[in-house]
$ cat protein_11.cif   # mmCIF, C-alpha atoms and all ligand atoms
data_model
#
loop_
_atom_site.label_atom_id
_atom_site.label_comp_id
_atom_site.auth_asym_id
_atom_site.auth_seq_id
_atom_site.Cartn_x
_atom_site.Cartn_y
_atom_site.Cartn_z
CA MET A 1 33.50 27.71 291.42
CA GLY A 2 29.91 28.78 290.87
CA ALA A 3 28.28 30.29 287.81
CA GLY A 4 30.22 33.54 288.25
CA PRO A 5 31.62 35.76 289.53
CA CYS A 6 34.65 33.51 289.75
CA ASN A 7 37.86 34.22 291.61
CA VAL A 8 39.75 37.22 290.33
CA HIS A 9 43.41 37.02 289.40
CA PRO A 10 45.48 38.74 292.16
CA ARG A 11 47.14 40.95 289.54
CA VAL A 12 43.70 42.32 288.64
CA ILE A 13 43.00 43.27 292.26
CA GLN A 14 46.39 44.94 292.47
CA ALA A 15 45.79 46.91 289.26
CA MET A 16 42.47 48.11 290.67
CA SER A 17 44.21 49.71 293.66
CA ALA A 18 46.06 52.22 291.44
CA SER A 19 45.09 55.84 292.09
CA LEU A 20 42.42 57.35 289.91
CA LEU A 21 42.92 59.23 286.68
CA GLY A 22 40.09 61.39 285.35
CA HIS A 23 37.98 59.86 282.61
CA MET A 24 39.15 62.59 280.16
CA ASP A 25 42.82 62.42 281.21
CA PRO A 26 45.05 61.64 278.20
CA ASP A 27 46.70 58.83 280.18
CA PHE A 28 43.31 57.26 280.89
CA VAL A 29 42.29 57.60 277.26
CA GLN A 30 45.38 55.53 276.48
CA VAL A 31 44.19 52.89 278.95
CA LEU A 32 40.84 52.78 277.15
CA ASP A 33 42.55 52.42 273.79
CA ASP A 34 44.65 49.55 275.17
CA VAL A 35 41.50 47.84 276.42
CA SER A 36 39.75 48.20 273.04
CA SER A 37 42.77 46.82 271.16
CA MET A 38 43.09 43.85 273.50
CA LEU A 39 39.34 43.17 273.35
CA ARG A 40 39.63 42.96 269.56
CA LEU A 41 42.28 40.25 269.97
CA VAL A 42 40.13 38.31 272.43
CA PHE A 43 36.89 38.65 270.44
CA LYS A 44 38.95 37.84 267.30
CA THR A 45 37.57 40.83 265.43
CA GLU A 46 38.73 43.90 263.61
CA ASN A 47 35.52 45.79 264.46
CA ALA A 48 36.28 49.44 265.25
CA VAL A 49 33.31 49.55 267.64
CA THR A 50 34.69 47.28 270.38
CA TRP A 51 34.40 48.70 273.89
CA PRO A 52 33.59 47.89 277.49
CA ILE A 53 30.03 49.01 278.34
CA SER A 54 29.63 50.30 281.91
CA GLY A 55 27.49 47.66 283.61
CA THR A 56 27.32 43.89 283.95
CA GLY A 57 26.52 41.36 281.22
CA THR A 58 22.86 42.38 281.23
CA ALA A 59 23.90 45.91 280.22
CA GLY A 60 25.69 44.42 277.21
CA MET A 61 22.60 42.37 276.38
CA GLU A 62 20.41 45.44 276.67
CA ALA A 63 22.84 47.55 274.61
CA ALA A 64 22.87 44.94 271.84
CA LEU A 65 19.08 44.81 271.65
CA VAL A 66 18.08 48.46 272.14
CA ASN A 67 20.57 49.68 269.54
CA VAL A 68 19.51 47.20 266.87
CA LEU A 69 15.74 47.03 267.43
CA GLU A 70 13.08 49.65 266.81
CA PRO A 71 9.35 49.34 267.53
CA GLY A 72 7.73 47.03 264.96
CA ASP A 73 10.96 45.19 264.05
CA THR A 74 10.99 41.41 264.24
CA ILE A 75 13.63 39.39 266.10
CA VAL A 76 13.96 35.60 266.26
CA ILE A 77 15.36 34.25 269.53
CA GLY A 78 16.77 30.74 269.85
CA HIS A 79 15.28 29.86 273.22
CA ASN A 80 17.22 27.10 274.99
CA GLY A 81 17.61 28.39 278.54
CA TYR A 82 17.18 31.09 281.16
CA PHE A 83 19.34 33.76 279.53
CA ALA A 84 17.56 33.40 276.18
CA GLY A 85 14.43 34.22 278.21
CA ARG A 86 16.09 37.44 279.33
CA LEU A 87 16.93 38.29 275.72
CA SER A 88 13.22 37.92 274.89
CA GLU A 89 12.13 40.04 277.83
CA ILE A 90 14.44 42.91 276.90
CA ALA A 91 13.63 42.63 273.17
CA SER A 92 9.88 42.77 273.86
CA ARG A 93 10.34 45.98 275.87
CA THR A 94 11.76 47.70 272.77
CA GLY A 95 8.39 47.28 271.04
CA ALA A 96 9.78 44.65 268.65
CA ASN A 97 7.84 41.51 267.67
CA VAL A 98 9.63 38.67 269.41
CA VAL A 99 9.52 35.27 267.71
CA HIS A 100 10.59 32.36 269.89
CA ALA A 101 12.27 29.29 268.50
CA PRO A 102 11.79 27.07 271.57
CA HIS A 103 14.21 24.23 272.38
CA GLU A 104 14.40 21.75 275.23
CA PRO A 105 16.72 22.88 278.03
CA GLY A 106 19.95 20.97 277.42
CA ASP A 107 19.66 21.38 273.64
CA ALA A 108 21.87 23.65 271.58
CA VAL A 109 20.08 26.12 269.28
CA ASP A 110 19.32 24.32 266.02
CA PRO A 111 20.01 26.29 262.80
CA ASP A 112 17.13 24.49 261.02
CA ARG A 113 14.66 25.68 263.66
CA ILE A 114 15.94 29.23 263.21
CA ARG A 115 15.77 28.94 259.43
CA ALA A 116 12.15 27.77 259.67
CA GLU A 117 11.21 30.89 261.70
CA LEU A 118 13.13 33.10 259.27
CA GLN A 119 11.08 31.64 256.42
CA ARG A 120 7.83 32.05 258.33
CA HIS A 121 8.32 35.76 259.11
CA ALA A 122 9.05 38.52 256.63
CA LYS A 123 11.91 40.99 257.14
CA VAL A 124 13.47 39.73 260.35
CA LYS A 125 15.89 42.35 261.68
CA ALA A 126 17.97 40.09 263.91
CA VAL A 127 18.49 36.62 265.31
CA ALA A 128 19.77 36.37 268.88
CA VAL A 129 21.24 33.37 270.68
CA VAL A 130 23.26 32.57 273.78
CA HIS A 131 26.59 30.99 272.84
CA ALA A 132 27.29 29.58 276.30
CA GLU A 133 24.02 28.97 278.21
CA THR A 134 25.09 29.29 281.84
CA SER A 135 21.76 27.93 283.07
CA THR A 136 22.22 24.51 281.43
CA GLY A 137 25.95 24.18 280.61
CA VAL A 138 25.24 24.03 276.86
CA LEU A 139 27.39 25.43 274.05
CA THR A 140 25.65 26.41 270.80
CA PRO A 141 27.73 26.28 267.58
CA ILE A 142 27.54 29.69 265.91
CA PRO A 143 28.68 29.55 262.23
CA ALA A 144 25.56 27.82 260.82
CA LEU A 145 23.34 30.27 262.70
CA ALA A 146 25.21 33.22 261.21
CA GLU A 147 24.73 31.73 257.76
CA ALA A 148 20.98 31.29 258.35
CA ALA A 149 20.60 34.85 259.70
CA HIS A 150 22.56 36.43 256.86
CA GLU A 151 20.69 34.46 254.16
CA ALA A 152 17.54 36.16 255.47
CA GLY A 153 19.21 39.59 255.65
CA ALA A 154 19.15 39.57 259.48
CA LEU A 155 21.91 40.44 261.93
CA LEU A 156 23.22 37.81 264.35
CA ILE A 157 23.46 38.87 268.01
CA VAL A 158 25.44 36.53 270.27
CA ASP A 159 25.60 36.44 274.07
CA ALA A 160 29.16 35.42 274.94
CA VAL A 161 28.97 36.21 278.66
CA THR A 162 30.24 32.78 279.72
CA SER A 163 32.44 32.06 276.70
CA LEU A 164 34.63 35.10 275.95
CA GLY A 165 38.18 34.33 277.04
CA GLY A 166 37.49 30.70 277.93
CA VAL A 167 35.80 28.99 275.00
CA GLU A 168 36.46 29.20 271.25
CA LEU A 169 34.80 32.34 269.88
CA ARG A 170 35.65 33.99 266.55
CA VAL A 171 33.51 37.04 265.89
CA ASP A 172 34.76 37.85 262.38
CA ASP A 173 35.33 34.34 261.04
CA TRP A 174 31.96 33.17 262.30
CA GLY A 175 30.08 36.22 260.97
CA ILE A 176 28.73 37.55 264.29
CA ASP A 177 27.30 41.08 264.03
CA VAL A 178 26.90 42.02 267.70
CA CYS A 179 28.61 40.15 270.52
CA TYR A 180 28.76 41.03 274.21
CA SER A 181 30.22 39.47 277.33
CA GLY A 182 30.80 40.11 281.04
CA THR A 183 34.00 40.56 282.99
CA GLN A 184 33.25 38.25 285.93
CA LYS A 185 33.41 34.92 284.11
CA CYS A 186 36.28 33.68 281.91
CA LEU A 187 37.99 37.10 281.88
CA ALA A 188 38.61 36.65 285.64
CA CYS A 189 37.79 40.22 286.63
CA PRO A 190 35.09 41.51 288.99
CA PRO A 191 31.56 42.07 287.66
CA GLY A 192 30.84 45.57 286.35
CA LEU A 193 31.80 45.82 282.69
CA SER A 194 30.37 44.29 279.55
CA PRO A 195 32.75 44.14 276.57
CA ILE A 196 30.78 44.56 273.34
CA THR A 197 31.58 44.59 269.63
CA PHE A 198 29.51 45.75 266.60
CA SER A 199 30.30 44.73 263.01
CA GLU A 200 30.21 47.32 260.22
CA ARG A 201 26.90 45.83 259.13
CA ALA A 202 25.50 46.37 262.65
CA VAL A 203 26.88 49.92 262.74
CA SER A 204 25.14 50.73 259.46
CA VAL A 205 21.84 49.41 260.91
CA LEU A 206 22.44 51.68 263.90
CA GLU A 207 23.16 54.67 261.67
CA SER A 208 20.01 54.18 259.62
CA ARG A 209 17.59 54.05 262.57
CA ALA A 210 14.39 56.06 262.19
CA ALA A 211 14.07 56.71 265.94
CA PRO A 212 16.79 57.47 268.49
CA VAL A 213 17.80 54.62 270.82
CA GLN A 214 15.44 54.83 273.79
CA SER A 215 18.26 54.33 276.31
CA PHE A 216 20.50 57.36 276.62
CA TYR A 217 23.07 55.48 278.73
CA LEU A 218 23.46 52.55 276.31
CA ASP A 219 23.14 54.47 273.03
CA MET A 220 26.14 53.32 270.98
CA THR A 221 26.09 56.45 268.80
CA GLN A 222 26.45 58.55 271.96
CA LEU A 223 29.04 56.20 273.42
CA ARG A 224 31.02 56.50 270.21
CA SER A 225 31.43 60.20 270.93
CA TYR A 226 33.29 59.27 274.13
CA PHE A 227 35.27 56.22 273.03
CA ALA A 228 36.26 57.51 269.59
CA MET A 229 36.01 61.28 269.88
CA ARG A 230 36.77 61.79 273.59
CA ALA A 231 33.59 63.80 274.23
CA TYR A 232 31.95 63.39 277.65
CA HIS A 233 29.00 61.00 277.77
CA HIS A 234 29.13 59.49 281.26
CA THR A 235 31.91 59.08 283.81
CA ALA A 236 33.77 55.91 282.93
CA PRO A 237 34.23 53.40 285.81
CA ILE A 238 37.98 54.04 285.94
CA THR A 239 38.94 51.36 288.46
CA MET A 240 36.98 48.65 286.68
CA ILE A 241 38.73 49.52 283.44
CA TYR A 242 42.15 49.27 285.14
CA GLY A 243 41.09 45.80 286.26
CA LEU A 244 39.92 44.76 282.81
CA ARG A 245 43.15 45.99 281.22
CA GLU A 246 45.15 43.80 283.59
CA GLY A 247 42.80 40.84 283.05
CA LEU A 248 43.24 41.15 279.29
CA ARG A 249 47.01 41.43 279.60
CA ILE A 250 47.09 38.23 281.65
CA LEU A 251 44.90 36.52 279.07
CA LEU A 252 47.10 37.56 276.16
CA GLU A 253 50.29 36.57 277.99
CA GLU A 254 48.82 33.06 278.19
CA GLY A 255 47.46 33.19 274.61
CA VAL A 256 43.79 33.11 273.55
CA GLU A 257 43.92 29.58 272.09
CA GLN A 258 46.00 28.29 275.02
CA ARG A 259 43.37 29.65 277.38
CA TRP A 260 40.60 27.84 275.48
CA ALA A 261 42.68 24.65 275.70
CA ARG A 262 43.18 25.06 279.47
CA HIS A 263 39.42 25.43 280.00
CA SER A 264 38.71 22.39 277.85
CA ARG A 265 41.31 20.17 279.55
CA SER A 266 40.11 21.10 283.05
CA ALA A 267 36.48 20.58 282.07
CA ARG A 268 37.11 17.13 280.59
CA ALA A 269 38.84 16.04 283.79
CA LEU A 270 35.92 17.32 285.87
CA TRP A 271 33.29 15.61 283.69
CA ALA A 272 35.18 12.31 283.84
CA GLY A 273 35.46 12.57 287.62
CA VAL A 274 31.81 13.35 288.20
CA GLU A 275 30.63 10.52 285.95
CA ALA A 276 32.98 8.01 287.61
CA ILE A 277 31.11 8.34 290.92
CA GLY A 278 27.74 7.67 289.34
CA LEU A 279 26.56 11.21 288.67
CA ASP A 280 25.23 12.37 285.29
CA MET A 281 26.01 15.53 283.40
CA PHE A 282 22.94 17.49 282.25
CA ALA A 283 24.10 18.09 278.66
CA PRO A 284 25.38 15.41 276.28
CA GLU A 285 29.14 15.56 275.75
CA GLU A 286 29.03 16.92 272.20
CA ARG A 287 27.32 20.12 273.28
CA ARG A 288 28.82 20.57 276.74
CA LEU A 289 30.19 23.93 277.76
CA PRO A 290 33.76 23.79 279.17
CA SER A 291 33.38 26.84 281.41
CA LEU A 292 30.28 25.59 283.27
CA ALA A 293 29.42 22.02 284.19
CA ALA A 294 25.75 21.33 284.91
CA VAL A 295 25.63 18.17 287.03
CA ARG A 296 22.36 16.34 287.71
CA ILE A 297 21.62 16.06 291.42
CA PRO A 298 21.37 12.36 292.26
CA GLY A 299 18.16 11.05 293.84
CA GLY A 300 18.03 10.88 297.62
CA VAL A 301 20.65 13.58 298.14
CA ASP A 302 19.95 16.87 299.91
CA ALA A 303 21.34 19.26 297.28
CA GLY A 304 21.48 22.25 299.61
CA ALA A 305 23.34 20.27 302.29
CA VAL A 306 25.97 19.22 299.73
CA ARG A 307 26.51 22.84 298.66
CA LYS A 308 26.68 23.92 302.30
CA ARG A 309 29.31 21.31 303.17
CA LEU A 310 31.36 22.24 300.11
CA LEU A 311 31.30 25.86 301.23
CA ASP A 312 31.68 25.42 305.01
CA GLU A 313 34.18 22.56 305.08
CA HIS A 314 36.05 23.00 301.81
CA GLY A 315 35.76 26.70 300.96
CA ILE A 316 34.21 25.91 297.58
CA GLU A 317 31.12 27.69 296.30
CA ILE A 318 29.05 26.07 293.57
CA SER A 319 25.67 27.26 292.26
CA SER A 320 22.26 25.69 292.28
CA GLY A 321 20.18 25.47 289.10
CA LEU A 322 18.26 28.52 287.88
CA ALA A 323 14.45 28.81 287.85
CA ASN A 324 12.80 25.45 287.02
CA LEU A 325 16.17 23.64 287.15
CA ALA A 326 16.77 24.76 290.76
CA ASP A 327 16.12 21.31 292.21
CA SER A 328 17.63 19.21 289.45
CA ILE A 329 21.18 20.47 288.78
CA TRP A 330 24.28 21.91 290.42
CA ARG A 331 26.34 24.33 288.35
CA VAL A 332 30.10 24.17 288.71
CA GLY A 333 32.13 26.93 287.08
CA LEU A 334 35.61 26.49 285.65
CA MET A 335 36.22 30.02 284.50
CA GLY A 336 39.34 32.08 283.92
CA TYR A 337 41.68 31.99 286.92
CA ASN A 338 39.68 29.09 288.37
CA ALA A 339 39.92 26.78 285.36
CA THR A 340 42.83 24.76 286.73
CA LEU A 341 43.50 21.09 287.38
CA ALA A 342 44.29 21.96 291.00
CA ASN A 343 40.73 23.22 291.41
CA VAL A 344 39.27 20.23 289.58
CA PHE A 345 40.97 17.76 291.95
CA ARG A 346 40.09 19.86 294.98
CA PHE A 347 36.47 20.03 293.91
CA LEU A 348 36.18 16.32 293.13
CA SER A 349 37.58 15.22 296.47
CA ALA A 350 35.34 17.72 298.29
CA LEU A 351 32.30 16.52 296.32
CA GLU A 352 33.03 12.90 297.25
CA ASP A 353 33.24 13.92 300.91
CA ALA A 354 29.98 15.90 300.76
CA LEU A 355 28.14 13.03 299.04
CA LEU A 356 29.54 10.40 301.42
CA ALA A 357 28.41 12.58 304.34
CA GLN A 358 24.88 12.24 302.92
CA GLY A 359 25.12 8.45 302.86
CA PHE A 360 25.41 8.41 299.05
CA GLU A 361 27.29 5.30 297.98
CA LEU A 362 30.28 5.84 295.76
CA PRO A 363 33.67 4.21 295.13
CA ALA A 364 35.83 6.58 297.20
CA GLY A 365 38.66 8.12 295.17
CA ALA A 366 37.16 7.03 291.86
CA SER A 367 36.49 10.58 290.67
CA LEU A 368 40.15 11.50 291.13
CA ALA A 369 41.36 8.39 289.34
CA ALA A 370 39.02 9.06 286.40
CA ALA A 371 40.12 12.67 286.17
CA GLN A 372 43.76 11.52 286.14
CA LYS A 373 42.95 9.01 283.42
CA SER A 374 41.23 11.65 281.28
CA LEU A 375 44.41 13.72 281.40
CA ARG A 376 46.55 10.78 280.30
CA HIS A 377 44.18 10.31 277.32
CA ALA A 378 44.40 13.99 276.47
CA ASP A 379 48.23 14.19 276.68
C1 LIG A 401 24.76 33.73 279.46
C2 LIG A 401 24.52 34.92 280.33
N1 LIG A 401 24.00 36.03 279.78
C3 LIG A 401 23.77 37.13 280.53
C4 LIG A 401 24.06 37.17 281.87
C5 LIG A 401 23.78 38.37 282.67
O1 LIG A 401 24.95 38.92 283.15
P1 LIG A 401 25.02 39.78 284.51
O2 LIG A 401 24.48 38.94 285.62
O3 LIG A 401 26.50 40.05 284.61
O4 LIG A 401 24.26 41.02 284.29
C6 LIG A 401 24.61 36.03 282.48
C7 LIG A 401 24.91 36.01 283.92
O5 LIG A 401 25.27 35.02 284.49
C8 LIG A 401 24.84 34.89 281.68
O6 LIG A 401 25.37 33.79 282.21
#
$ encode --input "protein_11.cif" --output "structure tokens"
Amino acid sequence: MGAGPCNVHPRVIQAMSASLLGHMDPDFVQVLDDVSSMLRLVFKTENAVTWPISGTGTAGMEAALVNVLEPGDTIVIGHNGYFAGRLSEIASRTGANVVHAPHEPGDAVDPDRIRAELQRHAKVKAVAVVHAETSTGVLTPIPALAEAAHEAGALLIVDAVTSLGGVELRVDDWGIDVCYSGTQKCLACPPGLSPITFSERAVSVLESRAAPVQSFYLDMTQLRSYFAMRAYHHTAPITMIYGLREGLRILLEEGVEQRWARHSRSARALWAGVEAIGLDMFAPEERRLPSLAAVRIPGGVDAGAVRKRLLDEHGIEISSGLANLADSIWRVGLMGYNATLANVFRFLSALEDALLAQGFELPAGASLAAAQKSLRHAD
């Protein structure tokens, strides 16, 4: 129950033990086509260019940026957490001018701040934001950002690593041009693939580049020759793709919207439980991310000892904060297979135990009662 990878559905593990097909085998090509079609349903897009990139979420991030940006281009980045920082780092290595729109950690990206930067800089090529900021547990609403980007003639790039398959995301309806994710979060598969989708507008930007994409491995025009035309580019990670196909089947059997609702219900129970024992959530409720709860570490508590007891005594892994939030928050994931009420109640009772073991005063059992109550409100 950390920030990912989360537990993998047993059916995914089983699918990954199937014997290998070659990456050019007609049966494997069918598997790839199945994966692309199912990804379109999960991304809620009709984009033809919708594939799993070989590599983790960072590969998707890098693919999004290196395909869109050329040296001298300008990109505006809504900077509200650690992963927005990574977007900036990768964008600056393409030779683009990177314009930061800084926000406080815990804030969602503000469309007015982005609009102000778009007015200040001529010919911005793209705006990039993180939909679900895993470092702070914050969800940024996308539609107003897409509107701002498009008004200025820029593309909108969205990091959906911690939202795809767990939190509402509508690529076409919201006007997202490039969106990427990772398999180890709400898709409940192991790390190793990064589903990505490019709108027609993004594909035409790609096709009108003056210079070739500097990365051979992540060049979408080259990848298109494999995914669409079956020409060798690199050896596809066959086993990972078997796993993703099974993960997507499981997701679609449940239903995309039903899956979002399960994440939301579990998260609300967890938030209510945590707050009932005197702990504070890092983000205000209106911009809280269902798939990752950032909980403020209460004063006087040894944060590492709490995590150790959760792991050693209860078999539950949670994550510490990233970078400058390392000492101030715990990050509790409710992603994919793990986003269940059973896990919420197990976590809350284990957290009470770990805090009580530290001498932290709390009304024993109160987190469970509050979580129960939140469910009765929701039903
Ligand atoms: C929002 C976000 N973007 C990008 C990444 C990078 O993904 P990966 O670690 O799979 O390369 C992560 C990883 O946690 C993430 O949470």
$ closest_residue --input "protein_11.cif" --among "A:Gly2, A:Glu70, A:Thr45, A:Glu254" --to "Gly175 in chain A" --atoms "all atoms listed in the file"
A:Thr45
$ closest_residue --input "protein_11.cif" --among "A:Ala236, A:Ala364, A:Ile196, A:Ile316" --to "Gly60 in chain A" --atoms "all atoms listed in the file"
A:Ile196
$ residues_near_ligand --input "protein_11.cif" --ligand "ligand LIG 401 (chain A)" --cutoff "10 Å" --atoms "all atoms listed in the file" --output "PyMOL selection string"
chain A and resi 3-5+55-62+81-87+129-137+158-163+180-185+190-194+292
$ residues_near_point --input "protein_11.cif" --point "(34.4, 45.9, 272.8)" --cutoff "10 Å" --atoms "only C-alpha atoms" --output "list in words"
Val35, Ser36, Ser37, Met38, Leu39, Arg40, Val42, Phe43, Thr45, Asn47, Ala48, Val49, Thr50, Trp51, Pro52, Ile53, Gly60, Val178, Cys179, Tyr180, Ser181, Ser194, Pro195, Ile196, Thr197 and Phe198 of chain A
$ atom_distance --input "protein_11.cif" --atom1 "CA of Val109 in chain A" --atom2 "CA of Gly78 in chain A"
5.7 Å
$ residues_near_point --input "protein_11.cif" --point "(42.0, 42.9, 284.4)" --cutoff "10 Å" --atoms "all atoms listed in the file" --output "compact mmCIF listing (two decimals) with C-alpha atoms, keeping the file's coordinate frame"
# COMPACT_ATOMS: atom_id res chain seq x y z
CA VAL A 8 39.75 37.22 290.33
CA HIS A 9 43.41 37.02 289.40
CA PRO A 10 45.48 38.74 292.16
CA ARG A 11 47.14 40.95 289.54
CA VAL A 12 43.70 42.32 288.64
CA ILE A 13 43.00 43.27 292.26
CA GLN A 14 46.39 44.94 292.47
CA ALA A 15 45.79 46.91 289.26
CA MET A 16 42.47 48.11 290.67
CA VAL A 35 41.50 47.84 276.42
CA THR A 183 34.00 40.56 282.99
CA LEU A 187 37.99 37.10 281.88
CA ALA A 188 38.61 36.65 285.64
CA CYS A 189 37.79 40.22 286.63
CA PRO A 190 35.09 41.51 288.99
CA THR A 239 38.94 51.36 288.46
CA MET A 240 36.98 48.65 286.68
CA ILE A 241 38.73 49.52 283.44
CA TYR A 242 42.15 49.27 285.14
CA GLY A 243 41.09 45.80 286.26
CA LEU A 244 39.92 44.76 282.81
CA ARG A 245 43.15 45.99 281.22
CA GLU A 246 45.15 43.80 283.59
CA GLY A 247 42.80 40.84 283.05
CA LEU A 248 43.24 41.15 279.29
CA ARG A 249 47.01 41.43 279.60
CA ILE A 250 47.09 38.23 281.65
CA LEU A 251 44.90 36.52 279.07
$ closest_residue --input "protein_11.cif" --among "A:Pro111, A:Glu317, A:Val332, A:Thr94" --to "Ala293 in chain A" --atoms "only C-alpha atoms"
A:Val332
$ atom_distance --input "protein_11.cif" --atom1 "CA of Val167 in chain A" --atom2 "CA of His263 in chain A"
7.1 Å
$ atom_distance --input "protein_11.cif" --atom1 "CA of Asp33 in chain A" --atom2 "CA of Gly255 in chain A"
19.9 Å
$ closest_residue --input "protein_11.cif" --among "A:Leu348, A:Ala210, A:Met24, A:Ile114" --to "His150 in chain A" --atoms "all atoms listed in the file"
A:Ile114
$ residues_around --input "protein_11.cif" --residues "Val68 in chain A" --least-positions-apart "4" --cutoff "12 Å" --atoms "all atoms listed in the file" --output "PDB file with C-alpha atoms, keeping the file's coordinate frame"
ATOM      1  CA  MET A  61      22.600  42.370 276.380  1.00  0.00           C
ATOM      2  CA  GLU A  62      20.410  45.440 276.670  1.00  0.00           C
ATOM      3  CA  ALA A  63      22.840  47.550 274.610  1.00  0.00           C
ATOM      4  CA  ALA A  64      22.870  44.940 271.840  1.00  0.00           C
ATOM      5  CA  GLY A  72       7.730  47.030 264.960  1.00  0.00           C
ATOM      6  CA  ASP A  73      10.960  45.190 264.050  1.00  0.00           C
ATOM      7  CA  THR A  74      10.990  41.410 264.240  1.00  0.00           C
ATOM      8  CA  ILE A  75      13.630  39.390 266.100  1.00  0.00           C
ATOM      9  CA  ALA A  91      13.630  42.630 273.170  1.00  0.00           C
ATOM     10  CA  THR A  94      11.760  47.700 272.770  1.00  0.00           C
ATOM     11  CA  GLY A  95       8.390  47.280 271.040  1.00  0.00           C
ATOM     12  CA  ALA A  96       9.780  44.650 268.650  1.00  0.00           C
ATOM     13  CA  VAL A 124      13.470  39.730 260.350  1.00  0.00           C
ATOM     14  CA  LYS A 125      15.890  42.350 261.680  1.00  0.00           C
ATOM     15  CA  ALA A 126      17.970  40.090 263.910  1.00  0.00           C
ATOM     16  CA  VAL A 127      18.490  36.620 265.310  1.00  0.00           C
ATOM     17  CA  ALA A 128      19.770  36.370 268.880  1.00  0.00           C
ATOM     18  CA  ALA A 154      19.150  39.570 259.480  1.00  0.00           C
ATOM     19  CA  LEU A 155      21.910  40.440 261.930  1.00  0.00           C
ATOM     20  CA  LEU A 156      23.220  37.810 264.350  1.00  0.00           C
ATOM     21  CA  ILE A 157      23.460  38.870 268.010  1.00  0.00           C
ATOM     22  CA  ASP A 177      27.300  41.080 264.030  1.00  0.00           C
ATOM     23  CA  VAL A 178      26.900  42.020 267.700  1.00  0.00           C
ATOM     24  CA  PHE A 198      29.510  45.750 266.600  1.00  0.00           C
ATOM     25  CA  SER A 199      30.300  44.730 263.010  1.00  0.00           C
ATOM     26  CA  ARG A 201      26.900  45.830 259.130  1.00  0.00           C
ATOM     27  CA  ALA A 202      25.500  46.370 262.650  1.00  0.00           C
ATOM     28  CA  VAL A 203      26.880  49.920 262.740  1.00  0.00           C
ATOM     29  CA  SER A 204      25.140  50.730 259.460  1.00  0.00           C
ATOM     30  CA  VAL A 205      21.840  49.410 260.910  1.00  0.00           C
ATOM     31  CA  LEU A 206      22.440  51.680 263.900  1.00  0.00           C
ATOM     32  CA  GLU A 207      23.160  54.670 261.670  1.00  0.00           C
ATOM     33  CA  SER A 208      20.010  54.180 259.620  1.00  0.00           C
ATOM     34  CA  ARG A 209      17.590  54.050 262.570  1.00  0.00           C
ATOM     35  CA  ALA A 210      14.390  56.060 262.190  1.00  0.00           C
ATOM     36  CA  ALA A 211      14.070  56.710 265.940  1.00  0.00           C
ATOM     37  CA  PRO A 212      16.790  57.470 268.490  1.00  0.00           C
ATOM     38  CA  VAL A 213      17.800  54.620 270.820  1.00  0.00           C
ATOM     39  CA  GLN A 214      15.440  54.830 273.790  1.00  0.00           C
ATOM     40  CA  SER A 215      18.260  54.330 276.310  1.00  0.00           C
ATOM     41  CA  LEU A 218      23.460  52.550 276.310  1.00  0.00           C
ATOM     42  CA  ASP A 219      23.140  54.470 273.030  1.00  0.00           C
ATOM     43  CA  MET A 220      26.140  53.320 270.980  1.00  0.00           C
ATOM     44  CA  THR A 221      26.090  56.450 268.800  1.00  0.00           C
TER      45      THR A 221
END
$ residues_around --input "protein_11.cif" --residues "Lys308 in chain A" --least-positions-apart "3" --cutoff "12 Å" --atoms "all atoms listed in the file" --output "short mmCIF file (atom, residue, chain, number, x, y, z; two decimals) with C-alpha atoms, keeping the file's coordinate frame"
data_model
loop_
_atom_site.label_atom_id
_atom_site.label_comp_id
_atom_site.auth_asym_id
_atom_site.auth_seq_id
_atom_site.Cartn_x
_atom_site.Cartn_y
_atom_site.Cartn_z
CA ASP A 302 19.95 16.87 299.91
CA ALA A 303 21.34 19.26 297.28
CA GLY A 304 21.48 22.25 299.61
CA ALA A 305 23.34 20.27 302.29
CA LEU A 311 31.30 25.86 301.23
CA ASP A 312 31.68 25.42 305.01
CA GLU A 313 34.18 22.56 305.08
CA HIS A 314 36.05 23.00 301.81
CA GLY A 315 35.76 26.70 300.96
CA ILE A 316 34.21 25.91 297.58
CA GLU A 317 31.12 27.69 296.30
CA ILE A 318 29.05 26.07 293.57
CA SER A 319 25.67 27.26 292.26
CA SER A 320 22.26 25.69 292.28
CA ALA A 350 35.34 17.72 298.29
CA LEU A 351 32.30 16.52 296.32
CA ALA A 354 29.98 15.90 300.76
CA LEU A 355 28.14 13.03 299.04
CA ALA A 357 28.41 12.58 304.34
CA GLN A 358 24.88 12.24 302.92
#
$ residues_around --input "protein_11.cif" --residues "range 117-121 of chain A" --least-positions-apart "5" --cutoff "9 Å" --atoms "all atoms listed in the file" --output "ChimeraX atom specification"
/A:74,76,99-101,112,127,148-149,152,154
$ closest_residue --input "protein_11.cif" --among "A:Thr340, A:Asn67, A:Ser367, A:Ser349" --to "Pro290 in chain A" --atoms "only C-alpha atoms"
A:Thr340
$ decode --input "protein_11.cif" --residues "range 157-168 of chain A" --atoms "C-alpha atoms" --output "short mmCIF file (atom, residue, chain, number, x, y, z; two decimals), in the first residue's frame"
data_model
loop_
_atom_site.label_atom_id
_atom_site.label_comp_id
_atom_site.auth_asym_id
_atom_site.auth_seq_id
_atom_site.Cartn_x
_atom_site.Cartn_y
_atom_site.Cartn_z
CA ILE A 157 0.64 16.83 -22.13
CA VAL A 158 -0.75 15.01 -19.09
CA ASP A 159 1.02 12.60 -16.72
CA ALA A 160 -1.59 10.03 -15.71
CA VAL A 161 0.81 7.57 -14.06
CA THR A 162 -1.19 7.41 -10.82
CA SER A 163 -4.64 8.02 -12.28
CA LEU A 164 -5.17 5.78 -15.33
CA GLY A 165 -7.55 2.98 -14.38
CA GLY A 166 -8.31 4.34 -10.91
CA VAL A 167 -9.38 7.96 -11.19
CA GLU A 168 -11.66 9.71 -13.69
#
